[in-house]
Amino acid sequence: MATRADSLTLEVVELIGTVVARYYEEYDEAAGKHQLTGAQARVLGLLSIEPLPMRRIAQKLKCEPSNVTGIIDRLEARGLVERRPDPADRRVKLAAPTAEGRQTAARLRDSLDFAREPLAGLSVDERTVLRDLLKRMLG
């Protein structure tokens, strides 16, 4: 059984930290090419999957809802996001990408090579094992 301080565990933690840092660095660089902050790009990416209420965006990004409101305001001013009533509960507002927002999110995704290129070098079986281990780590 691994302890929290054994050298292998520490090396894995360090490698995970390096992967995360490189991912965010590339994400911020790609976002800048679209005149977006990294946070704006991440919100746009989330919304391109499905429209979400602000509180759910805040939960996913692990930040305060007031921060999300400011990000949505700026994306809305650029015509990339719109607020609309939730069909399931009209008291709730959903943030949803506009057509231009979806196109921008797709261009952003296409420009992110860091995660895609090294993963492409792994076999399907290796990627499956990696995915399963990450899921297991996250519970």
# chains A, B, ... in the order shown; residues from 1 in each chain; ligands from 1

$ residues_around --residues "stretch 52-57 of chain A" --least-positions-apart "4" --cutoff "9 Å" --atoms "only C-alpha atoms" --output "PyMOL selection string"
chain A and resi 43+46-47+61-66+68-69+72+86+92-96

$ residues_around --residues "A:Arg78" --least-positions-apart "2" --cutoff "12 Å" --atoms "only C-alpha atoms" --output "ChimeraX atom specification"
/A:34-36,40,44,71-76,80-82,97-98,100-101,104

$ select_by_dssp --residues "stretch 45-124 of chain A" --states "alpha helix (DSSP H)" --output "ChimeraX atom specification"
/A:45-49,54-61,65-77,99-111,116-120,124

$ select_by_dssp --residues "stretch 41-89 of chain A" --states "strand (DSSP E)" --output "number ranges by chain"
A: 52-53, 81-86, 89

$ write_last_selection --atoms "C-alpha atoms" --output "mmCIF file, in the first residue's frame"
data_model
loop_
_atom_site.group_PDB
_atom_site.id
_atom_site.type_symbol
_atom_site.label_atom_id
_atom_site.label_comp_id
_atom_site.auth_asym_id
_atom_site.auth_seq_id
_atom_site.Cartn_x
_atom_site.Cartn_y
_atom_site.Cartn_z
ATOM 1 C CA LEU A 52 -26.011 25.786 -17.744
ATOM 2 C CA PRO A 53 -27.267 27.943 -14.880
ATOM 3 C CA VAL A 81 -23.208 33.871 -24.953
ATOM 4 C CA GLU A 82 -26.837 34.662 -24.223
ATOM 5 C CA ARG A 83 -29.021 34.248 -21.163
ATOM 6 C CA ARG A 84 -32.313 32.419 -21.617
ATOM 7 C CA PRO A 85 -34.999 31.011 -19.331
ATOM 8 C CA ASP A 86 -34.622 27.373 -18.302
ATOM 9 C CA ASP A 89 -37.930 26.257 -14.395
#

$ residues_around --residues "A:Gly45" --least-positions-apart "4" --cutoff "7 Å" --atoms "only C-alpha atoms" --output "count of residues only"
3

$ closest_residue --among "A:Leu112, A:Gly79, A:Val13, A:Ala106" --to "A:Glu25" --atoms "only C-alpha atoms"
A:Leu112

$ atom_distance --atom1 "atom CA of A:Leu108" --atom2 "atom CA of A:Lys33"
8.8 Å

$ atom_distance --atom1 "atom CA of A:Leu138" --atom2 "atom CA of A:Gln59"
15.5 Å

$ atom_distance --atom1 "atom CA of A:Asn67" --atom2 "atom CA of A:Asp110"
26.5 Å

$ decode --residues "stretch 104-139 of chain A" --atoms "N, CA, C and O atoms" --output "mmCIF file, in the first residue's frame"
data_model
loop_
_atom_site.group_PDB
_atom_site.id
_atom_site.type_symbol
_atom_site.label_atom_id
_atom_site.label_comp_id
_atom_site.auth_asym_id
_atom_site.auth_seq_id
_atom_site.Cartn_x
_atom_site.Cartn_y
_atom_site.Cartn_z
ATOM 1 N N THR A 104 -16.543 29.709 -31.914
ATOM 2 C CA THR A 104 -15.328 30.105 -31.194
ATOM 3 C C THR A 104 -14.858 28.971 -30.290
ATOM 4 O O THR A 104 -13.664 28.665 -30.238
ATOM 5 N N ALA A 105 -15.784 28.321 -29.589
ATOM 6 C CA ALA A 105 -15.430 27.194 -28.716
ATOM 7 C C ALA A 105 -14.818 26.063 -29.531
ATOM 8 O O ALA A 105 -13.837 25.433 -29.104
ATOM 9 N N ALA A 106 -15.361 25.804 -30.712
ATOM 10 C CA ALA A 106 -14.823 24.738 -31.572
ATOM 11 C C ALA A 106 -13.413 25.091 -32.047
ATOM 12 O O ALA A 106 -12.518 24.232 -32.046
ATOM 13 N N ARG A 107 -13.196 26.353 -32.428
ATOM 14 C CA ARG A 107 -11.854 26.773 -32.855
ATOM 15 C C ARG A 107 -10.863 26.669 -31.701
ATOM 16 O O ARG A 107 -9.716 26.254 -31.891
ATOM 17 N N LEU A 108 -11.309 27.027 -30.509
ATOM 18 C CA LEU A 108 -10.459 26.900 -29.324
ATOM 19 C C LEU A 108 -10.066 25.437 -29.105
ATOM 20 O O LEU A 108 -8.897 25.121 -28.900
ATOM 21 N N ARG A 109 -11.058 24.556 -29.119
ATOM 22 C CA ARG A 109 -10.808 23.122 -28.921
ATOM 23 C C ARG A 109 -9.823 22.598 -29.960
ATOM 24 O O ARG A 109 -8.913 21.842 -29.636
ATOM 25 N N ASP A 110 -10.010 23.010 -31.210
ATOM 26 C CA ASP A 110 -9.140 22.539 -32.288
ATOM 27 C C ASP A 110 -7.698 23.027 -32.128
ATOM 28 O O ASP A 110 -6.775 22.401 -32.638
ATOM 29 N N SER A 111 -7.517 24.153 -31.435
ATOM 30 C CA SER A 111 -6.167 24.707 -31.294
ATOM 31 C C SER A 111 -5.421 24.151 -30.084
ATOM 32 O O SER A 111 -4.245 24.451 -29.898
ATOM 33 N N LEU A 112 -6.070 23.339 -29.268
ATOM 34 C CA LEU A 112 -5.413 22.769 -28.087
ATOM 35 C C LEU A 112 -4.707 21.465 -28.471
ATOM 36 O O LEU A 112 -5.339 20.437 -28.626
ATOM 37 N N ASP A 113 -3.392 21.540 -28.628
ATOM 38 C CA ASP A 113 -2.631 20.375 -29.051
ATOM 39 C C ASP A 113 -2.019 19.612 -27.885
ATOM 40 O O ASP A 113 -1.777 18.421 -27.979
ATOM 41 N N PHE A 114 -1.728 20.301 -26.772
ATOM 42 C CA PHE A 114 -0.971 19.674 -25.698
ATOM 43 C C PHE A 114 -1.588 18.356 -25.234
ATOM 44 O O PHE A 114 -0.920 17.344 -25.163
ATOM 45 N N ALA A 115 -2.859 18.370 -24.906
ATOM 46 C CA ALA A 115 -3.495 17.152 -24.396
ATOM 47 C C ALA A 115 -3.676 16.120 -25.512
ATOM 48 O O ALA A 115 -3.481 14.941 -25.303
ATOM 49 N N ARG A 116 -4.029 16.600 -26.690
ATOM 50 C CA ARG A 116 -4.364 15.683 -27.785
ATOM 51 C C ARG A 116 -3.128 14.955 -28.321
ATOM 52 O O ARG A 116 -3.146 13.755 -28.521
ATOM 53 N N GLU A 117 -2.039 15.674 -28.558
ATOM 54 C CA GLU A 117 -0.866 15.061 -29.189
ATOM 55 C C GLU A 117 -0.231 13.962 -28.340
ATOM 56 O O GLU A 117 -0.004 12.871 -28.838
ATOM 57 N N PRO A 118 0.074 14.207 -27.059
ATOM 58 C CA PRO A 118 0.655 13.116 -26.275
ATOM 59 C C PRO A 118 -0.310 11.937 -26.114
ATOM 60 O O PRO A 118 0.118 10.787 -26.137
ATOM 61 N N LEU A 119 -1.594 12.216 -25.984
ATOM 62 C CA LEU A 119 -2.567 11.126 -25.848
ATOM 63 C C LEU A 119 -2.649 10.301 -27.125
ATOM 64 O O LEU A 119 -2.858 9.094 -27.073
ATOM 65 N N ALA A 120 -2.473 10.951 -28.278
ATOM 66 C CA ALA A 120 -2.519 10.226 -29.550
ATOM 67 C C ALA A 120 -1.373 9.221 -29.652
ATOM 68 O O ALA A 120 -1.468 8.231 -30.363
ATOM 69 N N GLY A 121 -0.287 9.471 -28.906
ATOM 70 C CA GLY A 121 0.846 8.557 -28.908
ATOM 71 C C GLY A 121 0.608 7.310 -28.069
ATOM 72 O O GLY A 121 1.409 6.380 -28.103
ATOM 73 N N LEU A 122 -0.476 7.295 -27.319
ATOM 74 C CA LEU A 122 -0.822 6.123 -26.511
ATOM 75 C C LEU A 122 -1.797 5.250 -27.293
ATOM 76 O O LEU A 122 -2.610 5.753 -28.056
ATOM 77 N N SER A 123 -1.729 3.966 -27.044
ATOM 78 C CA SER A 123 -2.674 3.057 -27.696
ATOM 79 C C SER A 123 -4.068 3.252 -27.090
ATOM 80 O O SER A 123 -4.215 3.871 -26.030
ATOM 81 N N VAL A 124 -5.060 2.700 -27.735
ATOM 82 C CA VAL A 124 -6.427 2.757 -27.208
ATOM 83 C C VAL A 124 -6.473 2.106 -25.826
ATOM 84 O O VAL A 124 -7.089 2.641 -24.895
ATOM 85 N N ASP A 125 -5.792 0.976 -25.678
ATOM 86 C CA ASP A 125 -5.771 0.298 -24.379
ATOM 87 C C ASP A 125 -5.122 1.176 -23.308
ATOM 88 O O ASP A 125 -5.616 1.257 -22.181
ATOM 89 N N GLU A 126 -4.016 1.846 -23.647
ATOM 90 C CA GLU A 126 -3.344 2.719 -22.681
ATOM 91 C C GLU A 126 -4.225 3.906 -22.296
ATOM 92 O O GLU A 126 -4.305 4.277 -21.121
ATOM 93 N N ARG A 127 -4.887 4.500 -23.292
ATOM 94 C CA ARG A 127 -5.791 5.621 -22.994
ATOM 95 C C ARG A 127 -6.965 5.163 -22.127
ATOM 96 O O ARG A 127 -7.410 5.883 -21.242
ATOM 97 N N THR A 128 -7.450 3.957 -22.379
ATOM 98 C CA THR A 128 -8.555 3.408 -21.584
ATOM 99 C C THR A 128 -8.116 3.207 -20.136
ATOM 100 O O THR A 128 -8.830 3.575 -19.204
ATOM 101 N N VAL A 129 -6.927 2.651 -19.937
ATOM 102 C CA VAL A 129 -6.400 2.449 -18.579
ATOM 103 C C VAL A 129 -6.213 3.796 -17.885
ATOM 104 O O VAL A 129 -6.601 3.962 -16.723
ATOM 105 N N LEU A 130 -5.634 4.758 -18.599
ATOM 106 C CA LEU A 130 -5.424 6.087 -18.021
ATOM 107 C C LEU A 130 -6.758 6.712 -17.620
ATOM 108 O O LEU A 130 -6.910 7.231 -16.508
ATOM 109 N N ARG A 131 -7.735 6.662 -18.509
ATOM 110 C CA ARG A 131 -9.068 7.198 -18.206
ATOM 111 C C ARG A 131 -9.654 6.532 -16.966
ATOM 112 O O ARG A 131 -10.139 7.195 -16.059
ATOM 113 N N ASP A 132 -9.585 5.217 -16.922
ATOM 114 C CA ASP A 132 -10.166 4.483 -15.798
ATOM 115 C C ASP A 132 -9.459 4.805 -14.483
ATOM 116 O O ASP A 132 -10.098 4.938 -13.436
ATOM 117 N N LEU A 133 -8.126 4.936 -14.535
ATOM 118 C CA LEU A 133 -7.388 5.293 -13.325
ATOM 119 C C LEU A 133 -7.752 6.702 -12.860
ATOM 120 O O LEU A 133 -7.918 6.934 -11.653
ATOM 121 N N LEU A 134 -7.858 7.639 -13.796
ATOM 122 C CA LEU A 134 -8.235 9.012 -13.414
ATOM 123 C C LEU A 134 -9.640 9.055 -12.818
ATOM 124 O O LEU A 134 -9.865 9.720 -11.805
ATOM 125 N N LYS A 135 -10.561 8.326 -13.426
ATOM 126 C CA LYS A 135 -11.919 8.255 -12.878
ATOM 127 C C LYS A 135 -11.904 7.673 -11.463
ATOM 128 O O LYS A 135 -12.594 8.161 -10.574
ATOM 129 N N ARG A 136 -11.092 6.637 -11.283
ATOM 130 C CA ARG A 136 -11.008 5.999 -9.964
ATOM 131 C C ARG A 136 -10.422 6.968 -8.931
ATOM 132 O O ARG A 136 -10.886 7.051 -7.795
ATOM 133 N N MET A 137 -9.398 7.728 -9.328
ATOM 134 C CA MET A 137 -8.811 8.716 -8.430
ATOM 135 C C MET A 137 -9.831 9.775 -8.014
ATOM 136 O O MET A 137 -9.817 10.254 -6.884
ATOM 137 N N LEU A 138 -10.698 10.151 -8.958
ATOM 138 C CA LEU A 138 -11.694 11.193 -8.679
ATOM 139 C C LEU A 138 -12.914 10.667 -7.946
ATOM 140 O O LEU A 138 -13.783 11.446 -7.559
ATOM 141 N N GLY A 139 -12.980 9.353 -7.787
ATOM 142 C CA GLY A 139 -14.085 8.762 -7.026
ATOM 143 C C GLY A 139 -15.304 8.610 -7.859
ATOM 144 O O GLY A 139 -16.424 8.633 -7.471
#
